[in-house]
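Below is one structure, written out as structure tokens; comments come after it.
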Amino acid sequence: MDFKICTIGELLVEFLAKEHDQRFDKTGEFMGPFPSGAPAIFASQVAKLGFAVTFFSCVGKDAFGKMCIKRLKDDGVITDGIAIHNKASTGSAFVTYRGIDERDFIFNIPNSACGLLSFDHINEELLKDCNHLHVMGSSLYSFRVIDAMRKALDIVKSKGGTISFDPNLRKEMFDIPEMEASFDYILDYTDIFLPSQSEVSYFASNNQDSEQQIMSSLLNRGIKHIVVKCGSGGANYYGLDKQRQIYTLHVDSYTSEVIDPTGAGDCFGATFVSFMLAGYDIETALRYANASGALAVRQKGPMEGTSTLLQLQQFIASSSL
Ligand code: ATP
Ligand code: MG
């Protein structure tokens, strides 16, 4: 089936602390710049699978911006929707890993070129043949981007297109009030919902609700497919069968050596959404998405672990031996 995906949001460079438990308030060494930004990683992964994807963002007129655009172009992403601003620098993020499973960020997004992304950047001509929009919650960092997202959503929906939504909440972003308010709106239009396990309770209408109950009310609200990403625990799928009974499917993760977990969720989501749009069955889409997430954590750098279709096929084949 022919489809074209659109995504919108932050495009930035990331600097990665060299040491585990490296602090942000002490001088230390960082590796980078690495091209990054959740929707950018998503777009890279879709394009590397060989599917059409257009990305709307803003960078500064600087070497970081140039590097990010080149990287996405090389991966096959349509980059005509990325504006280059004279008056702001490309966004950036610093990341450090601590403890077993924790990660801290310092983001420079709303005050960078990404923060200027607005309604007017969403060029209808570029959206002409897009029939799917992927929304990253982390991209809803200002009222301007929310306006831009709504415009794209209205255009894609008015043509009968579909929407996927990954909340991608970061504790560093919790104090952005516009973001929270926009989640409810996006959920009303969401066809494929891709939260992390830690985000599920955020979508509960009642504190006592189990994961199953939360999923049930989201499905009854109109969402067609929900996949809860559980890191090394794999993923849980929820949908409704013909009798409108809840249908669940669990996949264990592929064992993987973890070098850098950032980006795994974005790769997983990109692969799941692409495979569903391409008409594969849910199990196949989950299997490939799971492989995509497993390969992502093996590479240092947020976008360095995106895979081609051939890499996924070879990984799945070698893992089932
Ligand atoms: P992020 O937002 O940081 O990109 P996420 O919370 O959205 O991450 P995760 O659940 O961490 O997403 O990872 C997505 C998927 O990647 C998992 O469901 C799993 O399939 C795969 N994955 C993640 N971590 C591992 C791991 N350690 N080993 C194998 N597979 C993994
Ligand atoms: Mg995520």
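Quick note on naming: the chains in the structure tokens go A, B, ... in the order shown, residues restart at 1 in each chain, and ligands are numbered from 1 in order of appearance.
The residues sitting within 9 Å of ligand 2, with only C-alpha atoms and all ligand atoms considered, come out as Ala38, Met136, Ser138, Asp166, Pro167, Asn168, Leu169, Arg170, Leu194, Pro195, Ser196, Lys229, Thr262, Gly263, Ala264, Gly265, Asp266, Phe268 and Gly269 of chain A.
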*Secondary structure check, helix (DSSP H, G or I) residues of stretch 57-215 of chain A, as a PyMOL selection string*: chain A and resi 63-75+113-116+119-121+124-127+137-139+143-158+171-173+177-189+197-203+211-215
| field | Close residues, A:Leu72 itself excluded, 8 Å, only C-alpha atoms, min 4 positions apart in chain, as a list in words | value |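 Result of the neighbour search: Ala40, Ala43, Ser44, Cys68, Gly76, Val77, Ile78 and Thr79 of chain A.
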Between atom CA of A:Ile259 and atom CA of A:Asn290, what is the spacing in Å?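 These atoms are spaced 16.6 Å apart.
Minimum atom-to-atom distances from A:Met303, A:Ile163, A:Ala93, A:Ala148 to ligand 1 were compared using only C-alpha atoms and all ligand atoms, and the lowest value belongs to A:Met303.
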* Using only C-alpha atoms, which residues sit within 6 Å of stretch 124-135 of chain A once same-chain residues fewer than 4 positions away are excluded, as a list in words? ->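 Those residues are Lys4, Ile5, Cys6, Thr7, Val156, Gly161, Thr162, Ile163, Ser164 and Phe165 of chain A.
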Fill in: All residues 10 Å or closer to A:Val145, only C-alpha atoms, same chain fewer than 6 positions away omitted, as a list of chain:residue names
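The residues satisfying every condition are A:Ile8, A:Gly9, A:Glu10, A:Ser57, A:Pro110, A:Cys114, A:Gly115, A:Leu116, A:Leu117, A:Ser118, A:Phe119, A:His121, A:Ser139, A:Lys151, A:Glu178, A:Met179.
Restricting the calculation to only C-alpha atoms and all ligand atoms, the smallest distance between ligand 1 and any of A:Gln313, A:Ser201, A:Thr271, A:Thr255 is found for A:Thr255.
Separating atom CA of A:Thr306 from atom CA of A:Cys267 is a distance of 6.3 Å.
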### Message
Rounded to one decimal, what separation in Å do you get between atom 26 (C, counted along the ligand's line) of ligand 1 and atom CA of A:Met67?
### Response
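Taking atom 26 (C, counted along the ligand's line) of ligand 1 as the start and atom CA of A:Met67 as the end point, the length is 28.2 Å.
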Fewer than 6 positions away in the same chain doesn't count, so skip those; otherwise give me all residues within 10 Å of A:Ser89, counting only C-alpha atoms, as a list in words.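 Those residues are Leu12, Cys58, Val59, Gly60, Lys61, Asp62, Ala63, Phe64, Gly65, Asn108, Ile109, Asn111, Ser112, Ala113 and Cys114 of chain A.
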Saved selection, atoms kept: all heavy atoms, as a JSON list (two decimals), in the first residue's frame:
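That gives us again02.json:
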[["chain", "number", "residue", "atom", "x", "y", "z"],
["A", 12, "LEU", "N", 17.84, 18.51, 16.65],
["A", 12, "LEU", "CA", 18.86, 19.10, 17.51],
["A", 12, "LEU", "C", 20.11, 18.23, 17.53],
["A", 12, "LEU", "O", 20.12, 17.13, 16.97],
["A", 12, "LEU", "CB", 18.31, 19.26, 18.93],
["A", 12, "LEU", "CG", 17.64, 18.04, 19.54],
["A", 12, "LEU", "CD1", 18.54, 17.34, 20.53],
["A", 12, "LEU", "CD2", 16.36, 18.45, 20.24],
["A", 58, "CYS", "N", 12.94, 23.18, 12.41],
["A", 58, "CYS", "CA", 13.72, 24.40, 12.22],
["A", 58, "CYS", "C", 15.11, 24.20, 12.80],
["A", 58, "CYS", "O", 15.23, 23.66, 13.90],
["A", 58, "CYS", "CB", 13.10, 25.56, 13.00],
["A", 58, "CYS", "SG", 11.75, 26.36, 12.18],
["A", 59, "VAL", "N", 16.11, 24.66, 12.08],
["A", 59, "VAL", "CA", 17.47, 24.66, 12.64],
["A", 59, "VAL", "C", 18.04, 26.06, 12.46],
["A", 59, "VAL", "O", 17.46, 26.90, 11.76],
["A", 59, "VAL", "CB", 18.40, 23.63, 11.93],
["A", 59, "VAL", "CG1", 17.98, 22.21, 12.25],
["A", 59, "VAL", "CG2", 18.47, 23.88, 10.42],
["A", 60, "GLY", "N", 19.18, 26.33, 13.10],
["A", 60, "GLY", "CA", 19.85, 27.60, 12.91],
["A", 60, "GLY", "C", 20.75, 27.52, 11.68],
["A", 60, "GLY", "O", 20.96, 26.44, 11.12],
["A", 61, "LYS", "N", 21.27, 28.70, 11.31],
["A", 61, "LYS", "CA", 22.19, 28.72, 10.16],
["A", 61, "LYS", "C", 23.59, 28.44, 10.70],
["A", 61, "LYS", "O", 24.43, 29.34, 10.80],
["A", 61, "LYS", "CB", 22.11, 30.11, 9.51],
["A", 61, "LYS", "CG", 22.59, 30.13, 8.10],
["A", 61, "LYS", "CD", 22.35, 31.48, 7.48],
["A", 61, "LYS", "CE", 22.86, 31.46, 6.06],
["A", 61, "LYS", "NZ", 22.77, 32.76, 5.44],
["A", 62, "ASP", "N", 23.81, 27.23, 11.13],
["A", 62, "ASP", "CA", 25.09, 26.89, 11.75],
["A", 62, "ASP", "C", 25.48, 25.45, 11.39],
["A", 62, "ASP", "O", 24.71, 24.72, 10.75],
["A", 62, "ASP", "CB", 25.02, 27.08, 13.28],
["A", 62, "ASP", "CG", 23.81, 26.39, 13.91],
["A", 62, "ASP", "OD1", 23.49, 25.26, 13.48],
["A", 62, "ASP", "OD2", 23.18, 26.97, 14.83],
["A", 63, "ALA", "N", 26.67, 25.07, 11.82],
["A", 63, "ALA", "CA", 27.19, 23.75, 11.44],
["A", 63, "ALA", "C", 26.35, 22.61, 12.04],
["A", 63, "ALA", "O", 26.20, 21.55, 11.42],
["A", 63, "ALA", "CB", 28.64, 23.63, 11.90],
["A", 64, "PHE", "N", 25.77, 22.82, 13.23],
["A", 64, "PHE", "CA", 24.93, 21.77, 13.83],
["A", 64, "PHE", "C", 23.71, 21.49, 12.94],
["A", 64, "PHE", "O", 23.34, 20.35, 12.70],
["A", 64, "PHE", "CB", 24.44, 22.19, 15.22],
["A", 64, "PHE", "CG", 25.50, 22.21, 16.29],
["A", 64, "PHE", "CD1", 25.28, 22.87, 17.50],
["A", 64, "PHE", "CD2", 26.72, 21.55, 16.12],
["A", 64, "PHE", "CE1", 26.23, 22.89, 18.51],
["A", 64, "PHE", "CE2", 27.68, 21.56, 17.13],
["A", 64, "PHE", "CZ", 27.44, 22.23, 18.32],
["A", 65, "GLY", "N", 23.10, 22.60, 12.49],
["A", 65, "GLY", "CA", 21.91, 22.46, 11.65],
["A", 65, "GLY", "C", 22.25, 21.76, 10.35],
["A", 65, "GLY", "O", 21.52, 20.87, 9.88],
["A", 108, "ASN", "N", 18.02, 22.38, 25.37],
["A", 108, "ASN", "CA", 17.91, 23.75, 24.88],
["A", 108, "ASN", "C", 17.06, 23.67, 23.62],
["A", 108, "ASN", "O", 17.58, 23.59, 22.50],
["A", 108, "ASN", "CB", 19.31, 24.32, 24.60],
["A", 108, "ASN", "CG", 19.21, 25.65, 23.91],
["A", 108, "ASN", "OD1", 18.26, 26.41, 24.11],
["A", 108, "ASN", "ND2", 20.17, 25.94, 23.05],
["A", 109, "ILE", "N", 15.74, 23.59, 23.83],
["A", 109, "ILE", "CA", 14.82, 23.42, 22.69],
["A", 109, "ILE", "C", 13.92, 24.64, 22.48],
["A", 109, "ILE", "O", 14.00, 25.29, 21.45],
["A", 109, "ILE", "CB", 14.01, 22.11, 22.83],
["A", 109, "ILE", "CG1", 14.97, 20.90, 22.73],
["A", 109, "ILE", "CG2", 12.95, 22.01, 21.73],
["A", 109, "ILE", "CD1", 14.32, 19.55, 22.87],
["A", 111, "ASN", "N", 14.05, 27.63, 23.36],
["A", 111, "ASN", "CA", 14.74, 28.89, 23.05],
["A", 111, "ASN", "C", 15.72, 28.78, 21.88],
["A", 111, "ASN", "O", 16.51, 29.68, 21.65],
["A", 111, "ASN", "CB", 15.49, 29.39, 24.29],
["A", 111, "ASN", "CG", 14.51, 29.73, 25.39],
["A", 111, "ASN", "OD1", 13.48, 30.36, 25.13],
["A", 111, "ASN", "ND2", 14.79, 29.29, 26.59],
["A", 112, "SER", "N", 15.65, 27.69, 21.18],
["A", 112, "SER", "CA", 16.53, 27.50, 20.02],
["A", 112, "SER", "C", 15.72, 27.67, 18.74],
["A", 112, "SER", "O", 14.53, 28.01, 18.78],
["A", 112, "SER", "CB", 17.11, 26.09, 20.06],
["A", 112, "SER", "OG", 16.08, 25.18, 19.72],
["A", 113, "ALA", "N", 16.33, 27.38, 17.61],
["A", 113, "ALA", "CA", 15.61, 27.47, 16.33],
["A", 113, "ALA", "C", 14.34, 26.61, 16.34],
["A", 113, "ALA", "O", 13.31, 27.01, 15.80],
["A", 113, "ALA", "CB", 16.55, 27.04, 15.19],
["A", 114, "CYS", "N", 14.40, 25.44, 16.97],
["A", 114, "CYS", "CA", 13.20, 24.56, 17.06],
["A", 114, "CYS", "C", 12.03, 25.31, 17.68],
["A", 114, "CYS", "O", 10.87, 25.02, 17.35],
["A", 114, "CYS", "CB", 13.39, 23.39, 18.00],
["A", 114, "CYS", "SG", 14.68, 22.28, 17.76]]
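Every protein or nucleic acid residue with an atom no more than 8 Å from A:Ile146, counting only C-alpha atoms and leaving out same-chain residues fewer than 3 positions away, appears here: Ser118, Leu140, Tyr141, Ser142, Phe143, Met149, Arg150, Glu178, Met179 and Ser182 of chain A.
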Selection export as a PDB file, in the first residue's frame, atoms kept: all heavy atoms:
ATOM      1  N   SER A 118       6.480  26.983  13.704  1.00  0.00           N
ATOM      2  CA  SER A 118       5.109  27.472  13.918  1.00  0.00           C
ATOM      3  C   SER A 118       4.193  27.111  12.756  1.00  0.00           C
ATOM      4  O   SER A 118       4.628  26.515  11.764  1.00  0.00           O
ATOM      5  CB  SER A 118       5.140  28.989  14.121  1.00  0.00           C
ATOM      6  OG  SER A 118       5.575  29.581  12.922  1.00  0.00           O
ATOM      7  N   LEU A 140       5.655  18.903  21.640  1.00  0.00           N
ATOM      8  CA  LEU A 140       4.612  19.896  21.904  1.00  0.00           C
ATOM      9  C   LEU A 140       5.095  20.870  22.983  1.00  0.00           C
ATOM     10  O   LEU A 140       4.426  21.097  23.980  1.00  0.00           O
ATOM     11  CB  LEU A 140       3.312  19.188  22.300  1.00  0.00           C
ATOM     12  CG  LEU A 140       2.827  18.153  21.263  1.00  0.00           C
ATOM     13  CD1 LEU A 140       1.687  17.311  21.810  1.00  0.00           C
ATOM     14  CD2 LEU A 140       2.395  18.843  19.981  1.00  0.00           C
ATOM     15  N   TYR A 141       6.280  21.433  22.772  1.00  0.00           N
ATOM     16  CA  TYR A 141       6.951  22.217  23.810  1.00  0.00           C
ATOM     17  C   TYR A 141       6.573  23.695  23.809  1.00  0.00           C
ATOM     18  O   TYR A 141       7.044  24.451  24.646  1.00  0.00           O
ATOM     19  CB  TYR A 141       8.483  22.065  23.696  1.00  0.00           C
ATOM     20  CG  TYR A 141       8.998  22.173  22.276  1.00  0.00           C
ATOM     21  CD1 TYR A 141       9.134  23.394  21.642  1.00  0.00           C
ATOM     22  CD2 TYR A 141       9.317  21.024  21.558  1.00  0.00           C
ATOM     23  CE1 TYR A 141       9.573  23.483  20.346  1.00  0.00           C
ATOM     24  CE2 TYR A 141       9.769  21.106  20.257  1.00  0.00           C
ATOM     25  CZ  TYR A 141       9.902  22.341  19.655  1.00  0.00           C
ATOM     26  OH  TYR A 141      10.326  22.415  18.361  1.00  0.00           O
ATOM     27  N   SER A 142       5.759  24.138  22.854  1.00  0.00           N
ATOM     28  CA  SER A 142       5.334  25.536  22.874  1.00  0.00           C
ATOM     29  C   SER A 142       3.988  25.670  22.179  1.00  0.00           C
ATOM     30  O   SER A 142       3.606  24.799  21.397  1.00  0.00           O
ATOM     31  CB  SER A 142       6.350  26.418  22.153  1.00  0.00           C
ATOM     32  OG  SER A 142       6.251  26.212  20.751  1.00  0.00           O
ATOM     33  N   PHE A 143       3.284  26.772  22.449  1.00  0.00           N
ATOM     34  CA  PHE A 143       1.973  26.943  21.799  1.00  0.00           C
ATOM     35  C   PHE A 143       2.149  27.049  20.290  1.00  0.00           C
ATOM     36  O   PHE A 143       1.291  26.662  19.527  1.00  0.00           O
ATOM     37  CB  PHE A 143       1.236  28.162  22.374  1.00  0.00           C
ATOM     38  CG  PHE A 143       1.859  29.472  22.020  1.00  0.00           C
ATOM     39  CD1 PHE A 143       1.493  30.131  20.854  1.00  0.00           C
ATOM     40  CD2 PHE A 143       2.833  30.041  22.835  1.00  0.00           C
ATOM     41  CE1 PHE A 143       2.080  31.339  20.510  1.00  0.00           C
ATOM     42  CE2 PHE A 143       3.429  31.243  22.494  1.00  0.00           C
ATOM     43  CZ  PHE A 143       3.057  31.893  21.331  1.00  0.00           C
ATOM     44  N   MET A 149       1.224  21.598  14.805  1.00  0.00           N
ATOM     45  CA  MET A 149       0.797  20.197  14.860  1.00  0.00           C
ATOM     46  C   MET A 149      -0.690  20.079  14.531  1.00  0.00           C
ATOM     47  O   MET A 149      -1.099  19.197  13.778  1.00  0.00           O
ATOM     48  CB  MET A 149       1.093  19.665  16.266  1.00  0.00           C
ATOM     49  CG  MET A 149       1.124  18.183  16.383  1.00  0.00           C
ATOM     50  SD  MET A 149       2.509  17.437  15.506  1.00  0.00           S
ATOM     51  CE  MET A 149       3.818  17.539  16.733  1.00  0.00           C
ATOM     52  N   ARG A 150      -1.487  20.991  15.091  1.00  0.00           N
ATOM     53  CA  ARG A 150      -2.932  20.959  14.836  1.00  0.00           C
ATOM     54  C   ARG A 150      -3.233  21.184  13.360  1.00  0.00           C
ATOM     55  O   ARG A 150      -4.135  20.567  12.806  1.00  0.00           O
ATOM     56  CB  ARG A 150      -3.635  22.054  15.642  1.00  0.00           C
ATOM     57  CG  ARG A 150      -3.895  21.657  17.072  1.00  0.00           C
ATOM     58  CD  ARG A 150      -4.770  22.714  17.704  1.00  0.00           C
ATOM     59  NE  ARG A 150      -5.139  22.326  19.044  1.00  0.00           N
ATOM     60  CZ  ARG A 150      -6.306  22.641  19.626  1.00  0.00           C
ATOM     61  NH1 ARG A 150      -7.186  23.354  18.969  1.00  0.00           N
ATOM     62  NH2 ARG A 150      -6.569  22.254  20.839  1.00  0.00           N
ATOM     63  N   GLU A 178       1.270  23.938  28.242  1.00  0.00           N
ATOM     64  CA  GLU A 178       0.622  23.773  26.921  1.00  0.00           C
ATOM     65  C   GLU A 178       0.645  22.312  26.482  1.00  0.00           C
ATOM     66  O   GLU A 178      -0.265  21.813  25.836  1.00  0.00           O
ATOM     67  CB  GLU A 178       1.344  24.573  25.826  1.00  0.00           C
ATOM     68  CG  GLU A 178       1.311  26.060  25.992  1.00  0.00           C
ATOM     69  CD  GLU A 178       2.580  26.578  26.651  1.00  0.00           C
ATOM     70  OE1 GLU A 178       3.139  25.861  27.519  1.00  0.00           O
ATOM     71  OE2 GLU A 178       2.996  27.695  26.313  1.00  0.00           O
ATOM     72  N   MET A 179       1.738  21.637  26.845  1.00  0.00           N
ATOM     73  CA  MET A 179       1.954  20.259  26.406  1.00  0.00           C
ATOM     74  C   MET A 179       0.846  19.353  26.934  1.00  0.00           C
ATOM     75  O   MET A 179       0.216  18.612  26.189  1.00  0.00           O
ATOM     76  CB  MET A 179       3.318  19.818  26.926  1.00  0.00           C
ATOM     77  CG  MET A 179       3.760  18.473  26.458  1.00  0.00           C
ATOM     78  SD  MET A 179       5.337  18.042  27.200  1.00  0.00           S
ATOM     79  CE  MET A 179       6.468  18.598  25.983  1.00  0.00           C
ATOM     80  N   SER A 182      -2.557  19.808  25.366  1.00  0.00           N
ATOM     81  CA  SER A 182      -2.707  19.363  23.979  1.00  0.00           C
ATOM     82  C   SER A 182      -2.838  17.837  23.871  1.00  0.00           C
ATOM     83  O   SER A 182      -3.330  17.335  22.870  1.00  0.00           O
ATOM     84  CB  SER A 182      -1.516  19.827  23.151  1.00  0.00           C
ATOM     85  OG  SER A 182      -0.340  19.256  23.664  1.00  0.00           O
TER      86      SER A 182
END
Nearest to ligand 1, restricted to only C-alpha atoms and all ligand atoms and choosing among A:His20, A:Lys171, A:Lys224, A:His85, comes out as A:Lys171
Between A:Tyr202, A:Tyr247, A:Tyr280, A:Phe42, which one has atoms that come closest to ligand 1, using only C-alpha atoms and all ligand atoms?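 Residue with the minimum atom-to-atom distance to ligand 1: A:Phe42.
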From the list A:Ile282, A:Leu309, A:Ala289, A:Ala317, the nearest residue to A:Ala47 using only C-alpha atoms is A:Leu309
